[in-house]
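Q: Take a look at this one; I'll ask things after.
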Amino acid sequence: MNRFWKWTSGILAFLFVTAFIGLSIMAGSPKDAYGMVRYALPHMHRGTLKVGSDAPDARLVALDGVSRFHIRERTGARPLVLVFGSFT
Amino acid sequence: MGDVVQIYQDYKDRADFLTVYVREAHPTDEWQMKSNLKDDVCYAQPKTLQQRVIIANDFTKRFKFPLPFGIDDMSNAANDAYAAWPERIYIIDESGHIAYRGGIGPFNYKPEEARGWLAARYGAVKHEAPKSPPAATPTATAPAASPSPAPSAPAK
């Protein structure tokens, strides 16, 4: 039994290290691998929307920081291309 | 981002556009990247709506960003509804349904797919040879989501 756990933990540690090295290469550096796991993955979701789904509405703030409008106010007349992103 | 601006210039007479600013992808207090330092784009993750408004204005001013712009408020309602972070593109058709759902950035963020959807409907806009008359061949790569006739002339 003791030997079983030794092997199991050894293999798990090996897999963990391999995964981290792989992620580091993919992301650019160990710091980036950490950043990806800690800050990116928790916020990345596929979502439930599909082609044909009713487009959800949300209230947005204009660049003046005061006025508000809804996404769905902008739909209806023509197709609406929605581009989500941030500065960094 | 330049791709999106070009698509906007090419199709703004045919379609509406809206950019939605969501939570920062690589703020200084989270996963900052070397490229952020190089490009001098260094901001902490906004904790207030006012901070988001300031960054969004910095962005639009620096790039003279021409697309209509909205800011997701601190409830992140738009981001949550569209699973948008860090960057993503959707097209909503006139009936209010999702006509194109882009992949999650950065790896699956593909503005050319959105361009393909618009090109299938309104005709391709060529940029390679601006002097010669552009070939009027709508691409057939995008989903034929709309039964409306696609004009054969380019959008410009």
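Going through the structure tokens in order, the chains are called A, B, and so on, while each chain numbers its residues from 1 and the ligands are numbered from 1 in the order shown.
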Please identify every residue of chain A that has at least one atom no more than 10 Å from any atom of chain B, counting only C-alpha atoms, and report them as number ranges by chain.

A: A: 28, 31-40, 43-72, 74-88

Q: Please produce a file of those selected residues containing C-alpha atoms, as a short mmCIF file (atom, residue, chain, number, x, y, z; two decimals), in the first residue's frame.

A:
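Okay, this is what ended up in selection20.cif:
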```
data_model
loop_
_atom_site.label_atom_id
_atom_site.label_comp_id
_atom_site.auth_asym_id
_atom_site.auth_seq_id
_atom_site.Cartn_x
_atom_site.Cartn_y
_atom_site.Cartn_z
CA GLY A 28 5.60 32.29 -22.82
CA LYS A 31 4.86 33.82 -14.79
CA ASP A 32 2.50 33.85 -17.76
CA ALA A 33 1.43 30.29 -17.02
CA TYR A 34 0.57 31.36 -13.48
CA GLY A 35 -1.25 34.44 -14.80
CA MET A 36 -3.25 32.33 -17.18
CA VAL A 37 -4.34 29.85 -14.54
CA ARG A 38 -4.92 32.42 -11.81
CA TYR A 39 -6.53 35.28 -13.78
CA ALA A 40 -7.60 34.17 -17.23
CA HIS A 43 -13.07 34.35 -16.50
CA MET A 44 -13.15 32.54 -19.81
CA HIS A 45 -16.46 30.88 -20.54
CA ARG A 46 -17.95 29.44 -23.68
CA GLY A 47 -21.36 30.73 -22.66
CA THR A 48 -24.70 29.28 -23.57
CA LEU A 49 -25.50 31.43 -26.59
CA LYS A 50 -25.75 29.74 -29.95
CA VAL A 51 -26.48 30.91 -33.45
CA GLY A 52 -30.24 31.45 -33.42
CA SER A 53 -30.43 32.29 -29.71
CA ASP A 54 -32.32 35.39 -28.68
CA ALA A 55 -29.64 38.06 -28.17
CA PRO A 56 -29.50 39.03 -24.49
CA ASP A 57 -29.86 42.64 -23.48
CA ALA A 58 -27.67 44.57 -21.08
CA ARG A 59 -27.49 48.19 -20.05
CA LEU A 60 -24.29 49.98 -20.98
CA VAL A 61 -22.74 53.28 -19.99
CA ALA A 62 -21.78 55.78 -22.68
CA LEU A 63 -18.29 57.28 -22.91
CA ASP A 64 -19.51 60.38 -21.07
CA GLY A 65 -19.85 58.14 -18.02
CA VAL A 66 -23.40 59.31 -17.38
CA SER A 67 -25.85 58.35 -20.10
CA ARG A 68 -27.03 54.77 -20.40
CA PHE A 69 -28.38 52.74 -23.24
CA HIS A 70 -29.30 49.16 -23.93
CA ILE A 71 -27.67 46.83 -26.42
CA ARG A 72 -31.07 45.89 -27.77
CA ARG A 74 -29.27 49.19 -31.27
CA THR A 75 -30.76 46.11 -32.91
CA GLY A 76 -33.61 45.72 -35.31
CA ALA A 77 -32.93 47.98 -38.25
CA ARG A 78 -29.74 46.35 -39.48
CA PRO A 79 -27.41 43.62 -38.30
CA LEU A 80 -25.46 44.67 -35.21
CA VAL A 81 -21.80 43.71 -34.97
CA LEU A 82 -20.94 43.50 -31.27
CA VAL A 83 -17.26 43.71 -30.43
CA PHE A 84 -16.27 43.01 -26.84
CA GLY A 85 -12.83 43.84 -25.51
CA SER A 86 -10.64 45.92 -23.24
CA PHE A 87 -7.59 48.16 -23.60
CA THR A 88 -4.95 45.80 -22.25
#
```

Q: Among chain A, which residues does DSSP mark as strand (DSSP E or B) when it is run on the backbone? Keep the chain and numbering as in the structure and answer as number ranges by chain.

A: A: 54, 59-61, 68-70, 80-85

Q: Enumerate, as a PyMOL selection string, the complete set of residues in chain B that a backbone-based DSSP assignment places in helix (DSSP H, G or I).

A: chain B and resi 2-11+34-38+49-62+77-82+111-122

Q: What does the file look like for those residues with N, CA and C atoms, as a short mmCIF file (atom, residue, chain, number, x, y, z; two decimals), in the first residue's frame?

A:
```
data_model
loop_
_atom_site.label_atom_id
_atom_site.label_comp_id
_atom_site.auth_asym_id
_atom_site.auth_seq_id
_atom_site.Cartn_x
_atom_site.Cartn_y
_atom_site.Cartn_z
N GLY B 2 -7.29 46.76 -35.38
CA GLY B 2 -7.27 47.41 -36.69
C GLY B 2 -8.19 46.70 -37.66
N ASP B 3 -8.27 45.36 -37.53
CA ASP B 3 -9.15 44.59 -38.40
C ASP B 3 -10.59 45.03 -38.22
N VAL B 4 -10.98 45.21 -36.96
CA VAL B 4 -12.36 45.58 -36.67
C VAL B 4 -12.67 46.97 -37.23
N VAL B 5 -11.72 47.87 -37.10
CA VAL B 5 -11.92 49.23 -37.62
C VAL B 5 -12.08 49.18 -39.14
N GLN B 6 -11.28 48.34 -39.79
CA GLN B 6 -11.39 48.22 -41.24
C GLN B 6 -12.74 47.64 -41.64
N ILE B 7 -13.19 46.64 -40.90
CA ILE B 7 -14.51 46.05 -41.19
C ILE B 7 -15.59 47.10 -41.00
N TYR B 8 -15.44 47.89 -39.94
CA TYR B 8 -16.39 48.97 -39.70
C TYR B 8 -16.41 49.95 -40.88
N GLN B 9 -15.23 50.36 -41.32
CA GLN B 9 -15.17 51.30 -42.45
C GLN B 9 -15.83 50.70 -43.69
N ASP B 10 -15.64 49.39 -43.87
CA ASP B 10 -16.15 48.74 -45.08
C ASP B 10 -17.66 48.52 -45.05
N TYR B 11 -18.21 48.32 -43.86
CA TYR B 11 -19.61 47.89 -43.79
C TYR B 11 -20.51 48.80 -42.95
N LYS B 34 4.37 41.59 -21.07
CA LYS B 34 5.47 42.48 -21.49
C LYS B 34 5.01 43.47 -22.55
N SER B 35 4.13 42.99 -23.41
CA SER B 35 3.68 43.86 -24.50
C SER B 35 2.92 45.08 -23.97
N ASN B 36 2.29 44.93 -22.78
CA ASN B 36 1.60 46.08 -22.19
C ASN B 36 2.59 47.20 -21.86
N LEU B 37 3.78 46.79 -21.37
CA LEU B 37 4.81 47.77 -21.03
C LEU B 37 5.33 48.43 -22.30
N LYS B 38 5.57 47.59 -23.30
CA LYS B 38 6.09 48.10 -24.58
C LYS B 38 5.12 49.10 -25.20
N LEU B 49 -16.83 52.21 -11.72
CA LEU B 49 -17.28 52.54 -13.08
C LEU B 49 -16.50 53.74 -13.62
N GLN B 50 -16.22 54.70 -12.73
CA GLN B 50 -15.47 55.89 -13.15
C GLN B 50 -14.12 55.50 -13.74
N GLN B 51 -13.45 54.53 -13.12
CA GLN B 51 -12.16 54.09 -13.64
C GLN B 51 -12.32 53.43 -15.02
N ARG B 52 -13.39 52.69 -15.20
CA ARG B 52 -13.64 52.08 -16.52
C ARG B 52 -13.87 53.16 -17.57
N VAL B 53 -14.62 54.17 -17.19
CA VAL B 53 -14.92 55.25 -18.13
C VAL B 53 -13.63 55.95 -18.55
N ILE B 54 -12.72 56.17 -17.60
CA ILE B 54 -11.46 56.85 -17.90
C ILE B 54 -10.63 56.01 -18.88
N ILE B 55 -10.52 54.71 -18.63
CA ILE B 55 -9.72 53.86 -19.51
C ILE B 55 -10.35 53.78 -20.90
N ALA B 56 -11.67 53.65 -20.93
CA ALA B 56 -12.35 53.57 -22.23
C ALA B 56 -12.12 54.84 -23.04
N ASN B 57 -12.14 55.99 -22.37
CA ASN B 57 -11.87 57.25 -23.07
C ASN B 57 -10.42 57.35 -23.52
N ASP B 58 -9.49 56.88 -22.69
CA ASP B 58 -8.08 56.85 -23.10
C ASP B 58 -7.93 56.03 -24.38
N PHE B 59 -8.62 54.90 -24.39
CA PHE B 59 -8.53 53.99 -25.54
C PHE B 59 -9.06 54.65 -26.81
N THR B 60 -10.26 55.19 -26.73
CA THR B 60 -10.86 55.76 -27.95
C THR B 60 -10.08 56.98 -28.42
N LYS B 61 -9.52 57.73 -27.47
CA LYS B 61 -8.76 58.92 -27.88
C LYS B 61 -7.43 58.53 -28.51
N ARG B 62 -6.76 57.56 -27.90
CA ARG B 62 -5.44 57.21 -28.40
C ARG B 62 -5.52 56.69 -29.84
N ALA B 77 -22.80 42.92 -16.49
CA ALA B 77 -23.99 42.27 -17.06
C ALA B 77 -23.78 41.86 -18.52
N ALA B 78 -23.20 42.76 -19.30
CA ALA B 78 -23.01 42.45 -20.72
C ALA B 78 -21.99 41.33 -20.88
N ASN B 79 -20.91 41.43 -20.11
CA ASN B 79 -19.88 40.39 -20.17
C ASN B 79 -20.45 39.03 -19.80
N ASP B 80 -21.24 38.99 -18.75
CA ASP B 80 -21.80 37.70 -18.32
C ASP B 80 -22.81 37.17 -19.33
N ALA B 81 -23.62 38.05 -19.88
CA ALA B 81 -24.66 37.60 -20.81
C ALA B 81 -24.05 37.03 -22.09
N TYR B 82 -22.92 37.58 -22.49
CA TYR B 82 -22.32 37.16 -23.76
C TYR B 82 -21.04 36.33 -23.58
N PRO B 111 -11.80 38.31 -36.32
CA PRO B 111 -12.61 39.32 -37.01
C PRO B 111 -12.90 38.94 -38.46
N GLU B 112 -11.99 38.18 -39.08
CA GLU B 112 -12.22 37.84 -40.49
C GLU B 112 -13.46 36.96 -40.66
N GLU B 113 -13.84 36.24 -39.60
CA GLU B 113 -15.08 35.46 -39.69
C GLU B 113 -16.30 36.39 -39.74
N ALA B 114 -16.25 37.44 -38.92
CA ALA B 114 -17.35 38.42 -38.95
C ALA B 114 -17.38 39.12 -40.30
N ARG B 115 -16.19 39.42 -40.81
CA ARG B 115 -16.12 40.01 -42.15
C ARG B 115 -16.73 39.05 -43.17
N GLY B 116 -16.46 37.75 -43.02
CA GLY B 116 -17.01 36.76 -43.94
C GLY B 116 -18.53 36.75 -43.90
N TRP B 117 -19.09 36.89 -42.71
CA TRP B 117 -20.55 36.92 -42.59
C TRP B 117 -21.11 38.13 -43.34
N LEU B 118 -20.48 39.28 -43.12
CA LEU B 118 -20.95 40.50 -43.78
C LEU B 118 -20.74 40.41 -45.29
N ALA B 119 -19.63 39.81 -45.68
CA ALA B 119 -19.32 39.69 -47.10
C ALA B 119 -20.31 38.77 -47.80
N ALA B 120 -20.73 37.71 -47.10
CA ALA B 120 -21.69 36.78 -47.69
C ALA B 120 -23.01 37.48 -47.95
N ARG B 121 -23.31 38.44 -47.12
CA ARG B 121 -24.59 39.13 -47.24
C ARG B 121 -24.52 40.35 -48.15
N TYR B 122 -23.45 41.09 -48.00
CA TYR B 122 -23.40 42.39 -48.68
C TYR B 122 -22.33 42.47 -49.76
#
```
